[in-house]
$ cat my_file_11.txt   # compact mmCIF, C-alpha atoms
# COMPACT_ATOMS: atom_id res chain seq x y z
CA MET Y 1 0.00 0.00 0.00
CA ILE Y 2 2.74 2.51 0.93
CA LYS Y 3 5.48 3.27 -1.59
CA LYS Y 4 7.78 5.76 0.13
CA ILE Y 5 8.10 8.81 2.37
CA ASP Y 6 6.89 11.65 0.15
CA HIS Y 7 7.92 14.43 2.51
CA ILE Y 8 8.60 15.53 6.08
CA ALA Y 9 7.01 18.88 7.01
CA ILE Y 10 8.76 21.24 9.43
CA VAL Y 11 6.96 24.31 10.81
CA VAL Y 12 9.12 27.44 10.97
CA HIS Y 13 8.59 31.10 11.82
CA ASN Y 14 10.44 32.33 8.74
CA ILE Y 15 11.42 30.35 5.65
CA GLU Y 16 14.39 32.54 4.74
CA GLU Y 17 15.95 32.06 8.19
CA ALA Y 18 15.32 28.31 8.11
CA LEU Y 19 16.88 28.09 4.64
CA GLN Y 20 20.14 29.39 6.12
CA VAL Y 21 20.30 26.04 7.94
CA TYR Y 22 18.60 23.59 5.58
CA GLU Y 23 19.94 25.00 2.29
CA GLY Y 24 23.00 26.92 3.52
CA ALA Y 25 24.54 24.73 6.21
CA LEU Y 26 23.09 21.29 5.36
CA GLY Y 27 23.48 21.91 1.63
CA LEU Y 28 20.03 20.74 0.50
CA GLU Y 29 18.86 22.04 -2.85
CA LEU Y 30 15.91 24.49 -2.83
CA ALA Y 31 13.48 23.46 -5.58
CA GLU Y 32 10.88 26.19 -5.05
CA VAL Y 33 9.01 28.36 -2.57
CA LYS Y 34 5.27 28.44 -3.08
CA GLU Y 35 2.33 30.20 -1.44
CA VAL Y 36 -0.67 28.00 -0.69
CA PRO Y 37 -3.27 30.68 0.18
CA GLU Y 38 -6.09 28.19 0.93
CA GLN Y 39 -3.98 26.86 3.82
CA ALA Y 40 -2.54 30.29 4.67
CA VAL Y 41 1.05 29.05 4.38
CA ARG Y 42 4.20 29.43 2.31
CA ILE Y 43 6.20 26.25 1.69
CA ALA Y 44 9.83 25.73 0.67
CA PHE Y 45 10.43 22.39 -1.05
CA LEU Y 46 13.86 20.78 -0.63
CA PRO Y 47 14.32 17.43 -2.42
CA ILE Y 48 16.35 14.80 -0.56
CA GLY Y 49 16.76 11.39 -2.22
CA GLU Y 50 13.31 10.13 -3.27
CA SER Y 51 11.65 12.40 -0.65
CA GLU Y 52 11.43 16.11 0.21
CA ILE Y 53 11.77 18.28 3.26
CA GLU Y 54 9.10 20.99 3.37
CA LEU Y 55 9.59 24.13 5.45
CA VAL Y 56 6.16 25.55 6.24
CA GLU Y 57 5.64 29.18 7.34
CA PRO Y 58 2.25 30.60 8.37
CA LEU Y 59 0.87 33.55 6.36
CA THR Y 60 -1.71 34.61 8.95
CA ALA Y 61 -1.91 34.48 12.75
CA GLU Y 62 -5.17 32.48 12.60
CA SER Y 63 -3.94 29.58 10.46
CA GLY Y 64 -3.63 26.10 11.95
CA ILE Y 65 0.12 26.28 11.41
CA ALA Y 66 0.35 29.59 13.33
CA ARG Y 67 -1.54 28.02 16.24
CA PHE Y 68 0.79 25.00 16.17
CA LEU Y 69 3.81 27.36 16.26
CA GLU Y 70 2.40 29.30 19.18
CA LYS Y 71 1.65 26.14 21.16
CA ARG Y 72 4.62 23.88 20.35
CA GLY Y 73 7.22 26.09 18.69
CA GLU Y 74 9.18 25.28 15.56
CA GLY Y 75 9.78 21.64 14.67
CA LEU Y 76 8.49 18.49 13.03
CA HIS Y 77 4.82 18.81 12.03
CA HIS Y 78 3.81 15.81 9.91
CA ILE Y 79 5.05 13.07 7.61
CA CYS Y 80 3.50 12.29 4.23
CA LEU Y 81 3.48 8.76 2.80
CA GLU Y 82 2.82 8.03 -0.87
CA VAL Y 83 0.19 5.43 -1.74
CA ASP Y 84 -0.95 4.01 -5.08
CA ASP Y 85 -4.69 4.32 -4.52
CA ILE Y 86 -5.77 6.83 -1.86
CA GLU Y 87 -9.47 5.87 -1.88
CA ALA Y 88 -8.62 2.22 -1.28
CA ALA Y 89 -6.14 3.19 1.43
CA LEU Y 90 -8.66 5.40 3.30
CA GLN Y 91 -11.37 2.74 3.06
CA ASP Y 92 -9.01 0.09 4.34
CA LEU Y 93 -7.74 2.28 7.22
CA ALA Y 94 -11.27 3.28 8.27
CA ALA Y 95 -12.31 -0.40 8.25
CA GLN Y 96 -9.42 -1.08 10.63
CA GLY Y 97 -10.59 1.61 13.03
CA ILE Y 98 -8.09 4.33 12.11
CA ARG Y 99 -9.59 7.81 12.62
CA LEU Y 100 -9.41 9.95 9.49
CA ILE Y 101 -9.26 13.76 9.47
CA ASP Y 102 -10.20 13.69 5.76
CA LYS Y 103 -12.69 10.95 4.95
CA GLN Y 104 -12.36 11.84 1.26
CA PRO Y 105 -9.15 12.89 -0.47
CA ARG Y 106 -8.80 16.54 -1.44
CA GLN Y 107 -6.62 18.21 -4.04
CA GLY Y 108 -3.20 19.24 -2.72
CA ALA Y 109 -0.33 21.02 -4.47
CA HIS Y 110 1.23 17.78 -5.77
CA GLY Y 111 -1.58 15.22 -5.76
CA ARG Y 112 -4.68 14.09 -3.90
CA VAL Y 113 -4.12 14.03 -0.15
CA ALA Y 114 -5.79 13.08 3.13
CA PHE Y 115 -4.72 13.30 6.77
CA LEU Y 116 -5.07 10.59 9.41
CA HIS Y 117 -5.73 11.60 13.02
CA PRO Y 118 -2.60 11.58 15.24
CA LYS Y 119 -4.64 9.89 18.01
CA SER Y 120 -4.81 6.85 15.73
CA ALA Y 121 -1.10 6.90 14.85
CA HIS Y 122 0.62 7.17 18.24
CA GLY Y 123 0.91 10.94 18.18
CA VAL Y 124 2.09 11.30 14.57
CA LEU Y 125 0.13 13.40 12.08
CA ILE Y 126 0.27 11.32 8.88
CA GLU Y 127 -0.71 12.62 5.45
CA LEU Y 128 -1.30 10.23 2.56
CA ILE Y 129 -0.74 11.34 -1.04
CA GLU Y 130 -1.63 9.77 -4.37
CA LYS Y 131 0.34 11.43 -7.15
CA PRO Y 132 -0.76 11.73 -10.77
CA ARG Y 133 0.86 9.01 -12.91
CA MET O 1 26.63 16.22 1.36
CA ILE O 2 23.23 14.62 2.20
CA LYS O 3 22.13 11.52 0.27
CA LYS O 4 18.70 10.65 1.61
CA ILE O 5 16.44 10.36 4.65
CA ASP O 6 17.79 7.32 6.47
CA HIS O 7 14.96 7.09 8.98
CA ILE O 8 12.24 8.87 10.92
CA ALA O 9 12.09 7.97 14.63
CA ILE O 10 8.76 7.85 16.47
CA VAL O 11 8.64 7.48 20.26
CA VAL O 12 5.94 5.11 21.52
CA HIS O 13 4.91 3.64 24.88
CA ASN O 14 4.70 0.11 23.53
CA ILE O 15 6.09 -1.25 20.26
CA GLU O 16 3.58 -4.09 19.96
CA GLU O 17 0.64 -1.66 20.21
CA ALA O 18 2.22 0.74 17.72
CA LEU O 19 2.85 -2.14 15.29
CA GLN O 20 -0.90 -2.73 15.15
CA VAL O 21 -1.07 0.63 13.34
CA TYR O 22 2.22 0.83 11.44
CA GLU O 23 2.47 -2.83 10.42
CA GLY O 24 -1.16 -3.94 10.74
CA ALA O 25 -3.22 -1.02 9.42
CA LEU O 26 -0.65 0.83 7.28
CA GLY O 27 0.82 -2.41 5.99
CA LEU O 28 4.51 -1.58 6.46
CA GLU O 29 6.86 -4.55 6.66
CA LEU O 30 8.55 -5.21 10.04
CA ALA O 31 12.23 -5.95 9.40
CA GLU O 32 13.30 -6.50 13.02
CA VAL O 33 12.90 -5.48 16.65
CA LYS O 34 16.17 -4.87 18.45
CA GLU O 35 17.18 -3.92 21.98
CA VAL O 36 19.81 -1.18 22.25
CA PRO O 37 20.70 -1.46 25.96
CA GLU O 38 23.27 1.39 25.90
CA GLN O 39 20.41 3.78 25.00
CA ALA O 40 17.87 1.92 27.16
CA VAL O 41 15.47 1.46 24.22
CA ARG O 42 13.91 -1.19 22.00
CA ILE O 43 13.53 -0.25 18.33
CA ALA O 44 11.27 -1.69 15.61
CA PHE O 45 12.61 -1.10 12.09
CA LEU O 46 10.07 -0.77 9.27
CA PRO O 47 11.57 -0.18 5.80
CA ILE O 48 9.67 2.25 3.54
CA GLY O 49 11.16 2.98 0.10
CA GLU O 50 14.82 3.93 0.55
CA SER O 51 14.16 4.94 4.21
CA GLU O 52 12.87 3.38 7.41
CA ILE O 53 10.41 4.23 10.13
CA GLU O 54 11.75 3.39 13.59
CA LEU O 55 9.40 2.89 16.53
CA VAL O 56 11.35 3.56 19.73
CA GLU O 57 10.19 2.32 23.14
CA PRO O 58 11.99 3.15 26.42
CA LEU O 59 13.33 0.25 28.48
CA THR O 60 13.76 2.24 31.71
CA ALA O 61 11.96 5.18 33.29
CA GLU O 62 15.21 7.20 33.45
CA SER O 63 16.15 7.03 29.76
CA GLY O 64 16.06 10.18 27.63
CA ILE O 65 13.27 8.63 25.57
CA ALA O 66 11.18 7.97 28.71
CA ARG O 67 11.61 11.61 29.75
CA PHE O 68 10.59 12.75 26.24
CA LEU O 69 7.47 10.55 26.44
CA GLU O 70 6.54 11.93 29.83
CA LYS O 71 6.97 15.53 28.72
CA ARG O 72 5.64 15.49 25.15
CA GLY O 73 3.79 12.20 24.72
CA GLU O 74 4.09 9.83 21.80
CA GLY O 75 5.07 11.20 18.40
CA LEU O 76 7.85 12.26 16.05
CA HIS O 77 11.23 12.33 17.79
CA HIS O 78 13.99 12.89 15.23
CA ILE O 79 14.96 12.49 11.59
CA CYS O 80 18.19 10.90 10.41
CA LEU O 81 19.94 11.99 7.22
CA GLU O 82 22.60 9.89 5.49
CA VAL O 83 25.90 11.55 4.60
CA ASP O 84 28.95 10.26 2.75
CA ASP O 85 31.57 11.54 5.18
CA ILE O 86 30.36 12.27 8.70
CA GLU O 87 33.62 13.86 9.93
CA ALA O 88 33.62 16.30 7.02
CA ALA O 89 29.91 17.03 7.57
CA LEU O 90 30.38 17.77 11.29
CA GLN O 91 33.41 19.95 10.65
CA ASP O 92 31.56 21.88 7.98
CA LEU O 93 28.44 22.33 10.12
CA ALA O 94 30.45 23.48 13.15
CA ALA O 95 32.30 25.99 10.96
CA GLN O 96 28.91 27.38 9.93
CA GLY O 97 27.85 27.85 13.54
CA ILE O 98 25.57 24.80 13.86
CA ARG O 99 25.57 23.47 17.45
CA LEU O 100 26.48 19.79 17.65
CA ILE O 101 25.33 17.42 20.39
CA ASP O 102 28.05 14.97 19.29
CA LYS O 103 31.23 16.73 18.23
CA GLN O 104 32.66 13.37 17.18
CA PRO O 105 30.69 10.54 15.55
CA ARG O 106 29.94 7.49 17.68
CA GLN O 107 29.07 3.94 16.70
CA GLY O 108 25.34 3.34 16.22
CA ALA O 109 23.46 0.16 15.30
CA HIS O 110 23.78 0.74 11.54
CA GLY O 111 26.73 3.10 11.11
CA ARG O 112 28.58 6.01 12.67
CA VAL O 113 26.17 8.68 13.91
CA ALA O 114 26.04 12.16 15.43
CA PHE O 115 23.21 14.43 16.56
CA LEU O 116 22.84 18.15 15.81
CA HIS O 117 21.20 20.39 18.40
CA PRO O 118 17.53 21.20 17.67
CA LYS O 119 18.17 24.83 18.63
CA SER O 120 20.35 25.05 15.51
CA ALA O 121 17.81 23.34 13.22
CA HIS O 122 14.57 25.22 13.94
CA GLY O 123 13.32 22.79 16.56
CA VAL O 124 14.17 19.57 14.71
CA LEU O 125 16.48 16.98 16.28
CA ILE O 126 18.62 15.83 13.33
CA GLU O 127 20.86 12.77 13.39
CA LEU O 128 23.51 12.23 10.72
CA ILE O 129 24.65 8.73 9.76
CA GLU O 130 27.53 7.47 7.69
CA LYS O 131 26.97 3.86 6.72
CA PRO O 132 29.68 1.30 5.98
CA ARG O 133 30.26 0.93 2.21
$ encode --input "my_file_11.txt" --output "C-alpha cells"
Amino acid sequence: MIKKIDHIAIVVHNIEEALQVYEGALGLELAEVKEVPEQAVRIAFLPIGESEIELVEPLTAESGIARFLEKRGEGLHHICLEVDDIEAALQDLAAQGIRLIDKQPRQGAHGRVAFLHPKSAHGVLIELIEKPR
Amino acid sequence: MIKKIDHIAIVVHNIEEALQVYEGALGLELAEVKEVPEQAVRIAFLPIGESEIELVEPLTAESGIARFLEKRGEGLHHICLEVDDIEAALQDLAAQGIRLIDKQPRQGAHGRVAFLHPKSAHGVLIELIEKPR
C-alpha cells in the first residue's frame, strides 16, 4: 500500500531564516518556494533522495500552522506517505478503526491528499498522497 | 553532502501496540525489533522505500526517551539523514555555527552517527549517519 516517504514537514517562523540552515549549512537544494493561500502558508520544497523536506511558514496568525507554532514552537509537524490508490487506502484504514481527518481525499499542491488523526497513529500526524501518474 | 532520509524515529509507549497501526493497518513490513541497551530502548525497524520508520520504546523510566514521552507524549522524535563523510559534515556544520550534540561521531546500530542540536535546526532533532560501504 505505501510506496515511500513523500515528505517531512517542518513548521518554521520564517522560511528565509530556516533556509540558512537547511539550504545553507546542510546543503540541501531548494526546488521552489510556493504560497498555498487556501492553507494560509508558504512552503519551501527541498528534495532529498526520493523524498522532500518541506519548510512551512504561516501567512496569517489564525492559520492552523500559526496556532501549532504558538503552542509547540518550531519543529516536526507531519510526515507524508505516498500510496498508489488513496481511496482504497482510506477505506481500508477506516475499516481497521483508524480515525481519518479527511474521509475523502482533497486536491493538494502535488496530488490528492488526506490526513489521518494523530490519536490513531501514536501521536504522529500522517498525510497520505496519491500522485498523478 | 546529504544523500537521503535514512529514517524517521517515532517514540511510543509500547512497540507491539504501535505495530498494530504501522504494520497492521498501514501495511509496512517489520524488518526486526532490536534492543539497544546502551540507549535503554527497544527499536522496531520498518523499511519504507529507501528509508525506514523506527518505533522507539523506552526500556527504563530514566532514559532520555522515557523523559521525552513523559513531557511530550508519543510522536515524532527525530529524523536521520545519510551523509557520505560524517567527519567532514560535522566539521563543515560546526564551521557554519551549527551546534552539535556529538562533536565526534559514535558507533550506532547501523553506522557512525552524530546528533545536531535542535536549537540550531529550527526545533528539529537531526541525526547524521555514515553507513559502511
$ residues_near_point --input "my_file_11.txt" --point "(11.7, -6.7, 6.6)" --cutoff "9 Å" --atoms "all atoms listed in the file" --output "list of chain:residue names"
O:Leu28, O:Glu29, O:Leu30, O:Ala31, O:Glu32, O:Phe45, O:Leu46, O:Pro47
$ calpha_fit_and_write --input "my_file_11.txt" --fixed "chain O" --moving "chain Y" --output "tab-separated table (two decimals) with C-alpha atoms, keeping the file's coordinate frame"
chain	number	residue	atom	x	y	z
Y	1	MET	CA	26.62	16.22	1.37
Y	2	ILE	CA	23.24	14.62	2.18
Y	3	LYS	CA	22.15	11.53	0.26
Y	4	LYS	CA	18.71	10.65	1.62
Y	5	ILE	CA	16.43	10.37	4.65
Y	6	ASP	CA	17.79	7.32	6.47
Y	7	HIS	CA	14.95	7.09	8.97
Y	8	ILE	CA	12.23	8.89	10.92
Y	9	ALA	CA	12.09	7.97	14.63
Y	10	ILE	CA	8.76	7.85	16.46
Y	11	VAL	CA	8.64	7.50	20.26
Y	12	VAL	CA	5.96	5.11	21.52
Y	13	HIS	CA	4.93	3.65	24.87
Y	14	ASN	CA	4.72	0.10	23.53
Y	15	ILE	CA	6.10	-1.25	20.27
Y	16	GLU	CA	3.58	-4.09	19.96
Y	17	GLU	CA	0.65	-1.66	20.21
Y	18	ALA	CA	2.23	0.74	17.72
Y	19	LEU	CA	2.86	-2.13	15.30
Y	20	GLN	CA	-0.90	-2.73	15.17
Y	21	VAL	CA	-1.06	0.62	13.35
Y	22	TYR	CA	2.22	0.84	11.44
Y	23	GLU	CA	2.48	-2.84	10.42
Y	24	GLY	CA	-1.16	-3.94	10.75
Y	25	ALA	CA	-3.21	-1.03	9.43
Y	26	LEU	CA	-0.64	0.84	7.29
Y	27	GLY	CA	0.83	-2.42	5.99
Y	28	LEU	CA	4.52	-1.59	6.47
Y	29	GLU	CA	6.87	-4.55	6.66
Y	30	LEU	CA	8.56	-5.22	10.04
Y	31	ALA	CA	12.24	-5.96	9.41
Y	32	GLU	CA	13.30	-6.51	13.02
Y	33	VAL	CA	12.91	-5.48	16.64
Y	34	LYS	CA	16.16	-4.87	18.46
Y	35	GLU	CA	17.18	-3.92	21.99
Y	36	VAL	CA	19.81	-1.19	22.24
Y	37	PRO	CA	20.71	-1.46	25.96
Y	38	GLU	CA	23.27	1.39	25.90
Y	39	GLN	CA	20.42	3.77	25.00
Y	40	ALA	CA	17.87	1.91	27.15
Y	41	VAL	CA	15.47	1.46	24.22
Y	42	ARG	CA	13.92	-1.18	21.99
Y	43	ILE	CA	13.51	-0.25	18.32
Y	44	ALA	CA	11.27	-1.69	15.60
Y	45	PHE	CA	12.61	-1.10	12.09
Y	46	LEU	CA	10.07	-0.75	9.27
Y	47	PRO	CA	11.57	-0.17	5.80
Y	48	ILE	CA	9.68	2.26	3.55
Y	49	GLY	CA	11.16	2.99	0.11
Y	50	GLU	CA	14.84	3.94	0.55
Y	51	SER	CA	14.17	4.95	4.20
Y	52	GLU	CA	12.87	3.39	7.42
Y	53	ILE	CA	10.40	4.24	10.12
Y	54	GLU	CA	11.74	3.40	13.59
Y	55	LEU	CA	9.39	2.90	16.52
Y	56	VAL	CA	11.35	3.57	19.71
Y	57	GLU	CA	10.19	2.31	23.13
Y	58	PRO	CA	11.98	3.15	26.40
Y	59	LEU	CA	13.34	0.24	28.48
Y	60	THR	CA	13.76	2.22	31.70
Y	61	ALA	CA	11.96	5.18	33.28
Y	62	GLU	CA	15.21	7.19	33.45
Y	63	SER	CA	16.15	7.03	29.76
Y	64	GLY	CA	16.07	10.17	27.63
Y	65	ILE	CA	13.29	8.63	25.57
Y	66	ALA	CA	11.18	7.97	28.70
Y	67	ARG	CA	11.61	11.61	29.74
Y	68	PHE	CA	10.60	12.76	26.24
Y	69	LEU	CA	7.47	10.55	26.44
Y	70	GLU	CA	6.54	11.93	29.84
Y	71	LYS	CA	6.97	15.53	28.71
Y	72	ARG	CA	5.63	15.49	25.13
Y	73	GLY	CA	3.80	12.19	24.72
Y	74	GLU	CA	4.09	9.82	21.79
Y	75	GLY	CA	5.08	11.21	18.40
Y	76	LEU	CA	7.85	12.27	16.06
Y	77	HIS	CA	11.24	12.35	17.81
Y	78	HIS	CA	13.99	12.88	15.23
Y	79	ILE	CA	14.96	12.50	11.59
Y	80	CYS	CA	18.20	10.90	10.42
Y	81	LEU	CA	19.94	11.99	7.21
Y	82	GLU	CA	22.60	9.90	5.50
Y	83	VAL	CA	25.89	11.56	4.58
Y	84	ASP	CA	28.95	10.26	2.74
Y	85	ASP	CA	31.58	11.52	5.17
Y	86	ILE	CA	30.36	12.26	8.71
Y	87	GLU	CA	33.62	13.86	9.93
Y	88	ALA	CA	33.62	16.29	7.02
Y	89	ALA	CA	29.93	17.03	7.56
Y	90	LEU	CA	30.37	17.77	11.30
Y	91	GLN	CA	33.41	19.96	10.65
Y	92	ASP	CA	31.57	21.88	7.97
Y	93	LEU	CA	28.43	22.33	10.13
Y	94	ALA	CA	30.44	23.47	13.16
Y	95	ALA	CA	32.31	25.99	10.96
Y	96	GLN	CA	28.92	27.37	9.93
Y	97	GLY	CA	27.86	27.84	13.54
Y	98	ILE	CA	25.58	24.81	13.86
Y	99	ARG	CA	25.56	23.48	17.45
Y	100	LEU	CA	26.47	19.80	17.64
Y	101	ILE	CA	25.31	17.42	20.39
Y	102	ASP	CA	28.03	14.96	19.29
Y	103	LYS	CA	31.22	16.72	18.23
Y	104	GLN	CA	32.65	13.35	17.18
Y	105	PRO	CA	30.68	10.53	15.56
Y	106	ARG	CA	29.91	7.49	17.69
Y	107	GLN	CA	29.06	3.94	16.70
Y	108	GLY	CA	25.33	3.35	16.22
Y	109	ALA	CA	23.45	0.17	15.31
Y	110	HIS	CA	23.77	0.75	11.54
Y	111	GLY	CA	26.73	3.09	11.12
Y	112	ARG	CA	28.56	6.02	12.68
Y	113	VAL	CA	26.15	8.69	13.90
Y	114	ALA	CA	26.03	12.16	15.43
Y	115	PHE	CA	23.20	14.44	16.54
Y	116	LEU	CA	22.84	18.15	15.81
Y	117	HIS	CA	21.20	20.39	18.40
Y	118	PRO	CA	17.52	21.19	17.67
Y	119	LYS	CA	18.17	24.84	18.63
Y	120	SER	CA	20.34	25.05	15.52
Y	121	ALA	CA	17.80	23.34	13.24
Y	122	HIS	CA	14.56	25.22	13.94
Y	123	GLY	CA	13.32	22.80	16.57
Y	124	VAL	CA	14.17	19.57	14.72
Y	125	LEU	CA	16.48	16.98	16.27
Y	126	ILE	CA	18.62	15.83	13.33
Y	127	GLU	CA	20.85	12.76	13.38
Y	128	LEU	CA	23.51	12.24	10.72
Y	129	ILE	CA	24.64	8.73	9.75
Y	130	GLU	CA	27.54	7.46	7.67
Y	131	LYS	CA	26.96	3.84	6.72
Y	132	PRO	CA	29.66	1.27	6.02
Y	133	ARG	CA	30.23	0.90	2.26
$ residues_around --input "my_file_11.txt" --residues "O:Leu128" --least-positions-apart "3" --cutoff "7 Å" --atoms "only C-alpha atoms" --output "list in words"
Cys80, Leu81, Glu82, Val83, Val113, Ala114 and Phe115 of chain O
$ interface_residues --input "my_file_11.txt" --of "chain O" --to "chain Y" --cutoff "7 Å" --atoms "all atoms listed in the file" --output "JSON, numbers by chain"
{"O": [1, 3, 4, 5, 12, 18, 21, 25, 27, 48, 49, 74, 75, 76, 93, 96, 121, 122, 123, 124]}
$ axis_aligned_box --input "my_file_11.txt" --around "stretch 98-103 of chain O" --padding-each-side "4 Å" --output "lines of an AutoDock Vina configuration file"
center_x = 28.3
center_y = 19.9
center_z = 17.1
size_x = 13.9
size_y = 17.8
size_z = 14.5
$ atom_distance --input "my_file_11.txt" --atom1 "atom CA of Y:Ile43" --atom2 "atom CA of Y:Glu62"
16.9 Å
$ residues_near_point --input "my_file_11.txt" --point "(7.5, 32.9, 8.4)" --cutoff "8 Å" --atoms "all atoms listed in the file" --output "MDAnalysis selection string"
chainID Y and resid 12:16 42 56:59
$ closest_residue --input "my_file_11.txt" --among "Y:Arg67, Y:His110, Y:Lys34, Y:Arg99" --to "Y:Arg133" --atoms "all atoms listed in the file"
Y:His110
$ atom_distance --input "my_file_11.txt" --atom1 "atom CA of Y:Ile126" --atom2 "atom CA of Y:Asp102"
11.2 Å
$ atom_distance --input "my_file_11.txt" --atom1 "atom CA of O:Gln39" --atom2 "atom CA of Y:Lys71"
29.4 Å
